[in-house]
Amino acid sequence: MDQPATSPSKESLLKRVRALTRGHVESRRSIAQLLLSEGSGLARLSMSEVAQLSYTSKPSLVRFAQALGFNGWLDFQDAFVRDALLAEGKESEDSVDPNFPFEADTPSGQLAKRVLALKGNALEQVLLTVDHGALQKAADRIVSARQVVYFAVEQNRFFGENFSYRLRQLGIECLVPPLEECMLVARGMGPDTCAVIVSYSGLGEHRPPSLYLPTLRQNCVPCVAITNSGDNWLRHNCDCVLAFPPEERLYSKIAGYYSEEATVFMLDLLFSLCFQANYQKNVRNKLGAVVANERVMQASDVIPS
């Protein structure tokens with residue numbers, strides 16, 4: 001009987017799986033993202049269920065396991081679950097619950113440290129998992145568009161206002177329509193525009209802002225989605241997705257400390273690439289605007305005699 005193969009790498013299996021979320025093979029990225037979201041819960045999933053949830057196949061899972069040095073999927077699954085249990089055991093001692101990071105009697109100093117830890121984790125997860133090819137593709141779509149329209153609800157819409165302000169400084173028109181006008185705006189868009197759809201949950205086609213995507217695709221509008229990397233509708237139905245691992249619940253939580261920080265960081269990266277696309281021109285315009293504003297401020301400081 002064949003003995004289970006062991007990985008030749010000294011790196012932890014979790015770290016090596018996480019690295020595959022940044023790879024160029026779509027099936028491996030999808031499998032790796034599912035594994036990281038499930039952790040030790042992988043033990044409860046059959047091979048068929050993993051294939052279905054990762055939008056791949058059983059042969060893809062076998063190839064995934066073999067690429068990491070295992071004979072087959074079951075050998076890999078056992079090893080991954082063991083590593084995940086160890087990691088989760090260590091994290092449970094000092095990790096911060098992203099949903100309820102503090103209690104009613106938590107001292108303010110400790111509360112501040114826990115919230116900071118959640119924000120730091122969000123930045124780290126984006127850096128580890130962002131698809132740089134998709135990020136560049138998204139920036140190219142925005143820069144070349146006649147107009148950008150940002151679709152989101154609740155707090156993500158507020159982040160869009162700042163994103164829109166920044167883009168306008170680069171000469172890129174960006175609209176953040178009110179919720180009641182979003183469908184009308186989507187119907188009026190065409191191939192020379194670009195839609196940015198932001199939703200942490202990425203829930204189905206019947207809920208905003210995801211529900212605008214079918215109309216946008218029908219109008220051949222280039223789209224960019226920002227969502228979590230789990231099994232959600234938006235991620236699987238947009239051809240340009242900027243995703244980060246889901247770390248918090250959708251509803252049962254104090255606030256979206258993690259998801260909001262990750263979303264803002266993703267928008268920061270997207271804006272930065274748009275700025276970089278015409279770097280020298282944008283630097284000159286930025287400095288020129290600062291000088292012009294300073295002159296206005298100095299003029300207003302002069303008291304008429």
# chains A, B, ... in the order shown; residues from 1 in each chain; ligands from 1

call {"tool": "closest_atom_pairs", "arguments": {"of": "region 106-210 of chain A", "to": "region 220-224 of chain A", "cutoff": "7 Å", "atoms": "only C-alpha atoms", "output": "CSV"}}
result
residue,atom,partner,partner_atom,distance
A:Ala138,CA,A:Val224,CA,5.9
A:Arg141,CA,A:Pro222,CA,6.8
A:Met189,CA,A:Val221,CA,6.8
A:Gly190,CA,A:Val221,CA,5.3
A:Pro191,CA,A:Val221,CA,4.5
A:Thr193,CA,A:Val221,CA,6.3
A:Cys194,CA,A:Pro222,CA,5.1
A:Ala195,CA,A:Cys223,CA,4.7
A:Val196,CA,A:Val224,CA,4.7
A:Ile197,CA,A:Val224,CA,6.1

call {"tool": "closest_atom_pairs", "arguments": {"of": "region 100-174 of chain A", "to": "region 226-235 of chain A", "cutoff": "12 Å", "atoms": "only C-alpha atoms", "output": "JSON lines"}}
result
{"residue": "A:Ala122", "atom": "CA", "partner": "A:Asn228", "partner_atom": "CA", "distance": 11.6}
{"residue": "A:Gln125", "atom": "CA", "partner": "A:Ser229", "partner_atom": "CA", "distance": 10.9}
{"residue": "A:Val126", "atom": "CA", "partner": "A:Asn228", "partner_atom": "CA", "distance": 10.2}
{"residue": "A:Thr129", "atom": "CA", "partner": "A:Ser229", "partner_atom": "CA", "distance": 8.9}
{"residue": "A:Val130", "atom": "CA", "partner": "A:Ser229", "partner_atom": "CA", "distance": 9.7}
{"residue": "A:Asp131", "atom": "CA", "partner": "A:Ser229", "partner_atom": "CA", "distance": 10.8}
{"residue": "A:Ala134", "atom": "CA", "partner": "A:Ile226", "partner_atom": "CA", "distance": 10.7}
{"residue": "A:Leu135", "atom": "CA", "partner": "A:Ile226", "partner_atom": "CA", "distance": 10.2}
{"residue": "A:Ala138", "atom": "CA", "partner": "A:Ile226", "partner_atom": "CA", "distance": 10.2}
{"residue": "A:Tyr150", "atom": "CA", "partner": "A:Ile226", "partner_atom": "CA", "distance": 10.9}
{"residue": "A:Phe151", "atom": "CA", "partner": "A:Ile226", "partner_atom": "CA", "distance": 10.5}
{"residue": "A:Ala152", "atom": "CA", "partner": "A:Ile226", "partner_atom": "CA", "distance": 10.0}
{"residue": "A:Asn156", "atom": "CA", "partner": "A:Ile226", "partner_atom": "CA", "distance": 10.3}
{"residue": "A:Gly160", "atom": "CA", "partner": "A:Ile226", "partner_atom": "CA", "distance": 11.7}

call {"tool": "select_by_dssp", "arguments": {"residues": "region 123-305 of chain A", "states": "helix (DSSP H, G or I)", "output": "number ranges by chain"}}
result
A: 123-129, 132-144, 155-169, 179-187, 210-218, 233-237, 257-277, 279-301

call {"tool": "closest_residue", "arguments": {"among": "A:Leu211, A:Ala117, A:Leu36, A:Ala186", "to": "Phe244 (chain A)", "atoms": "only C-alpha atoms"}}
result
A:Leu36

call {"tool": "select_by_dssp", "arguments": {"residues": "region 168-277 of chain A", "states": "strand (DSSP E or B)", "output": "count of residues only"}}
result
18

call {"tool": "closest_residue", "arguments": {"among": "A:Lys137, A:Lys119, A:Arg44, A:Lys286", "to": "Arg168 (chain A)", "atoms": "only C-alpha atoms"}}
result
A:Lys286

call {"tool": "residues_around", "arguments": {"residues": "Arg22 (chain A)", "least_positions_apart": "5", "cutoff": "10 Å", "atoms": "only C-alpha atoms", "output": "ChimeraX atom specification"}}
result
/A:17,28-29,32-33,127-133

call {"tool": "write_last_selection", "arguments": {"atoms": "all heavy atoms", "output": "compact mmCIF listing (two decimals), in the first residue's frame"}}
result
# COMPACT_ATOMS: atom_id res chain seq x y z
N VAL A 17 -0.88 26.84 1.24
CA VAL A 17 -2.21 26.96 0.64
C VAL A 17 -2.56 28.43 0.44
O VAL A 17 -3.10 28.83 -0.60
CB VAL A 17 -3.28 26.27 1.53
CG1 VAL A 17 -4.69 26.62 1.06
CG2 VAL A 17 -3.07 24.76 1.52
N ARG A 28 -6.99 26.44 -8.71
CA ARG A 28 -6.22 26.33 -7.46
C ARG A 28 -6.54 27.50 -6.53
O ARG A 28 -6.62 27.32 -5.31
CB ARG A 28 -4.72 26.27 -7.77
CG ARG A 28 -4.29 24.97 -8.43
CD ARG A 28 -2.79 24.91 -8.59
NE ARG A 28 -2.39 23.70 -9.30
CZ ARG A 28 -1.13 23.38 -9.61
NH1 ARG A 28 -0.15 24.20 -9.28
NH2 ARG A 28 -0.86 22.27 -10.26
N ARG A 29 -6.69 28.69 -7.08
CA ARG A 29 -7.05 29.84 -6.25
C ARG A 29 -8.40 29.61 -5.57
O ARG A 29 -8.56 29.88 -4.38
CB ARG A 29 -7.13 31.12 -7.09
CG ARG A 29 -5.80 31.71 -7.50
CD ARG A 29 -5.91 33.21 -7.73
NE ARG A 29 -7.02 33.55 -8.62
CZ ARG A 29 -6.92 33.66 -9.94
NH1 ARG A 29 -5.78 33.43 -10.54
NH2 ARG A 29 -7.97 34.01 -10.66
N ALA A 32 -8.06 26.96 -2.83
CA ALA A 32 -7.30 27.48 -1.69
C ALA A 32 -8.14 28.46 -0.87
O ALA A 32 -8.11 28.44 0.37
CB ALA A 32 -6.03 28.16 -2.18
N GLN A 33 -8.90 29.32 -1.54
CA GLN A 33 -9.73 30.28 -0.81
C GLN A 33 -10.82 29.58 0.00
O GLN A 33 -11.11 29.97 1.14
CB GLN A 33 -10.34 31.26 -1.82
CG GLN A 33 -9.33 32.23 -2.40
CD GLN A 33 -9.85 32.99 -3.60
OE1 GLN A 33 -10.89 32.66 -4.16
NE2 GLN A 33 -9.12 34.01 -4.02
N LEU A 127 -3.27 42.24 1.50
CA LEU A 127 -1.94 42.10 0.91
C LEU A 127 -1.65 40.65 0.54
O LEU A 127 -1.03 40.37 -0.49
CB LEU A 127 -0.87 42.61 1.88
CG LEU A 127 -0.76 44.12 2.03
CD1 LEU A 127 0.28 44.48 3.08
CD2 LEU A 127 -0.37 44.77 0.70
N LEU A 128 -2.10 39.71 1.36
CA LEU A 128 -1.80 38.31 1.11
C LEU A 128 -2.61 37.73 -0.04
O LEU A 128 -2.14 36.84 -0.74
CB LEU A 128 -2.08 37.49 2.38
CG LEU A 128 -1.07 37.61 3.53
CD1 LEU A 128 -1.59 36.89 4.76
CD2 LEU A 128 0.28 37.04 3.12
N THR A 129 -3.83 38.21 -0.23
CA THR A 129 -4.74 37.53 -1.14
C THR A 129 -5.13 38.31 -2.38
O THR A 129 -5.76 37.75 -3.28
CB THR A 129 -6.04 37.15 -0.40
OG1 THR A 129 -6.69 38.33 0.08
CG2 THR A 129 -5.74 36.24 0.79
N VAL A 130 -4.80 39.58 -2.46
CA VAL A 130 -5.24 40.38 -3.60
C VAL A 130 -4.68 39.81 -4.91
O VAL A 130 -3.54 39.38 -5.00
CB VAL A 130 -4.81 41.86 -3.44
CG1 VAL A 130 -3.29 42.02 -3.45
CG2 VAL A 130 -5.45 42.71 -4.53
N ASP A 131 -5.53 39.78 -5.92
CA ASP A 131 -5.15 39.34 -7.26
C ASP A 131 -4.63 40.57 -8.00
O ASP A 131 -5.40 41.43 -8.43
CB ASP A 131 -6.37 38.75 -7.96
CG ASP A 131 -6.05 38.20 -9.35
OD1 ASP A 131 -5.07 38.67 -9.96
OD2 ASP A 131 -6.79 37.32 -9.82
N HIS A 132 -3.32 40.66 -8.16
CA HIS A 132 -2.72 41.86 -8.75
C HIS A 132 -3.10 42.02 -10.22
O HIS A 132 -3.19 43.15 -10.72
CB HIS A 132 -1.21 41.84 -8.57
CG HIS A 132 -0.78 42.01 -7.15
ND1 HIS A 132 -0.74 43.23 -6.52
CD2 HIS A 132 -0.40 41.10 -6.22
CE1 HIS A 132 -0.35 43.08 -5.26
NE2 HIS A 132 -0.14 41.79 -5.06
N GLY A 133 -3.32 40.91 -10.90
CA GLY A 133 -3.78 41.00 -12.28
C GLY A 133 -5.16 41.64 -12.37
O GLY A 133 -5.41 42.50 -13.22

call {"tool": "residues_around", "arguments": {"residues": "Pro101 (chain A)", "least_positions_apart": "2", "cutoff": "9 Å", "atoms": "only C-alpha atoms", "output": "PDB file with all heavy atoms, in the first residue's frame"}}
result
ATOM      1  N   VAL A  96      -8.444  38.107  18.353  1.00  0.00           N
ATOM      2  CA  VAL A  96      -9.566  39.003  18.615  1.00  0.00           C
ATOM      3  C   VAL A  96     -10.756  38.555  17.784  1.00  0.00           C
ATOM      4  O   VAL A  96     -10.644  38.328  16.581  1.00  0.00           O
ATOM      5  CB  VAL A  96      -9.180  40.452  18.253  1.00  0.00           C
ATOM      6  CG1 VAL A  96     -10.369  41.384  18.478  1.00  0.00           C
ATOM      7  CG2 VAL A  96      -7.985  40.905  19.076  1.00  0.00           C
ATOM      8  N   ASP A  97     -11.899  38.414  18.422  1.00  0.00           N
ATOM      9  CA  ASP A  97     -13.120  38.051  17.720  1.00  0.00           C
ATOM     10  C   ASP A  97     -13.527  39.225  16.831  1.00  0.00           C
ATOM     11  O   ASP A  97     -13.821  40.314  17.322  1.00  0.00           O
ATOM     12  CB  ASP A  97     -14.229  37.759  18.739  1.00  0.00           C
ATOM     13  CG  ASP A  97     -15.534  37.318  18.089  1.00  0.00           C
ATOM     14  OD1 ASP A  97     -15.672  37.445  16.854  1.00  0.00           O
ATOM     15  OD2 ASP A  97     -16.426  36.855  18.825  1.00  0.00           O
ATOM     16  N   PRO A  98     -13.554  39.035  15.499  1.00  0.00           N
ATOM     17  CA  PRO A  98     -13.885  40.153  14.615  1.00  0.00           C
ATOM     18  C   PRO A  98     -15.322  40.630  14.748  1.00  0.00           C
ATOM     19  O   PRO A  98     -15.639  41.749  14.324  1.00  0.00           O
ATOM     20  CB  PRO A  98     -13.618  39.585  13.213  1.00  0.00           C
ATOM     21  CG  PRO A  98     -13.782  38.113  13.369  1.00  0.00           C
ATOM     22  CD  PRO A  98     -13.284  37.800  14.748  1.00  0.00           C
ATOM     23  N   ASN A  99     -16.185  39.818  15.323  1.00  0.00           N
ATOM     24  CA  ASN A  99     -17.592  40.187  15.455  1.00  0.00           C
ATOM     25  C   ASN A  99     -17.895  40.921  16.758  1.00  0.00           C
ATOM     26  O   ASN A  99     -18.638  41.891  16.773  1.00  0.00           O
ATOM     27  CB  ASN A  99     -18.459  38.929  15.353  1.00  0.00           C
ATOM     28  CG  ASN A  99     -18.195  38.158  14.080  1.00  0.00           C
ATOM     29  OD1 ASN A  99     -18.467  38.627  12.988  1.00  0.00           O
ATOM     30  ND2 ASN A  99     -17.637  36.963  14.219  1.00  0.00           N
ATOM     31  N   GLU A 103     -16.010  43.501  25.346  1.00  0.00           N
ATOM     32  CA  GLU A 103     -17.194  43.264  26.177  1.00  0.00           C
ATOM     33  C   GLU A 103     -17.607  44.564  26.867  1.00  0.00           C
ATOM     34  O   GLU A 103     -16.948  45.600  26.717  1.00  0.00           O
ATOM     35  CB  GLU A 103     -16.882  42.194  27.234  1.00  0.00           C
ATOM     36  CG  GLU A 103     -16.328  40.891  26.670  1.00  0.00           C
ATOM     37  CD  GLU A 103     -17.329  40.178  25.785  1.00  0.00           C
ATOM     38  OE1 GLU A 103     -18.543  40.434  25.959  1.00  0.00           O
ATOM     39  OE2 GLU A 103     -16.895  39.375  24.926  1.00  0.00           O
ATOM     40  N   LEU A 111      -9.573  47.822  24.665  1.00  0.00           N
ATOM     41  CA  LEU A 111     -10.520  47.933  23.554  1.00  0.00           C
ATOM     42  C   LEU A 111      -9.824  48.510  22.320  1.00  0.00           C
ATOM     43  O   LEU A 111      -9.989  48.010  21.203  1.00  0.00           O
ATOM     44  CB  LEU A 111     -11.689  48.819  23.977  1.00  0.00           C
ATOM     45  CG  LEU A 111     -12.821  49.065  22.982  1.00  0.00           C
ATOM     46  CD1 LEU A 111     -14.132  49.309  23.732  1.00  0.00           C
ATOM     47  CD2 LEU A 111     -12.531  50.261  22.087  1.00  0.00           C
ATOM     48  N   ARG A 114      -7.570  45.978  20.596  1.00  0.00           N
ATOM     49  CA  ARG A 114      -8.297  44.930  19.868  1.00  0.00           C
ATOM     50  C   ARG A 114      -8.846  45.447  18.543  1.00  0.00           C
ATOM     51  O   ARG A 114      -8.801  44.757  17.528  1.00  0.00           O
ATOM     52  CB  ARG A 114      -9.432  44.385  20.745  1.00  0.00           C
ATOM     53  CG  ARG A 114      -8.942  43.634  21.975  1.00  0.00           C
ATOM     54  CD  ARG A 114     -10.099  43.100  22.794  1.00  0.00           C
ATOM     55  NE  ARG A 114      -9.639  42.447  24.017  1.00  0.00           N
ATOM     56  CZ  ARG A 114     -10.444  41.901  24.924  1.00  0.00           C
ATOM     57  NH1 ARG A 114     -11.760  41.926  24.725  1.00  0.00           N
ATOM     58  NH2 ARG A 114      -9.954  41.349  26.002  1.00  0.00           N
ATOM     59  N   VAL A 115      -9.377  46.657  18.560  1.00  0.00           N
ATOM     60  CA  VAL A 115      -9.873  47.236  17.304  1.00  0.00           C
ATOM     61  C   VAL A 115      -8.706  47.434  16.336  1.00  0.00           C
ATOM     62  O   VAL A 115      -8.830  47.168  15.129  1.00  0.00           O
ATOM     63  CB  VAL A 115     -10.602  48.567  17.575  1.00  0.00           C
ATOM     64  CG1 VAL A 115     -10.938  49.268  16.257  1.00  0.00           C
ATOM     65  CG2 VAL A 115     -11.881  48.316  18.374  1.00  0.00           C
ATOM     66  N   LEU A 118      -7.842  44.186  14.641  1.00  0.00           N
ATOM     67  CA  LEU A 118      -8.757  43.843  13.559  1.00  0.00           C
ATOM     68  C   LEU A 118      -8.411  44.609  12.286  1.00  0.00           C
ATOM     69  O   LEU A 118      -8.415  44.045  11.186  1.00  0.00           O
ATOM     70  CB  LEU A 118     -10.197  44.156  13.964  1.00  0.00           C
ATOM     71  CG  LEU A 118     -10.815  43.286  15.057  1.00  0.00           C
ATOM     72  CD1 LEU A 118     -12.262  43.709  15.287  1.00  0.00           C
ATOM     73  CD2 LEU A 118     -10.757  41.818  14.675  1.00  0.00           C
ATOM     74  N   ILE A 254     -20.738  43.745  16.133  1.00  0.00           N
ATOM     75  CA  ILE A 254     -20.846  45.120  16.621  1.00  0.00           C
ATOM     76  C   ILE A 254     -20.726  46.099  15.464  1.00  0.00           C
ATOM     77  O   ILE A 254     -21.494  47.053  15.345  1.00  0.00           O
ATOM     78  CB  ILE A 254     -19.754  45.395  17.680  1.00  0.00           C
ATOM     79  CG1 ILE A 254     -20.050  44.583  18.949  1.00  0.00           C
ATOM     80  CG2 ILE A 254     -19.668  46.883  17.997  1.00  0.00           C
ATOM     81  CD1 ILE A 254     -18.991  44.702  20.022  1.00  0.00           C
TER      82      ILE A 254
END
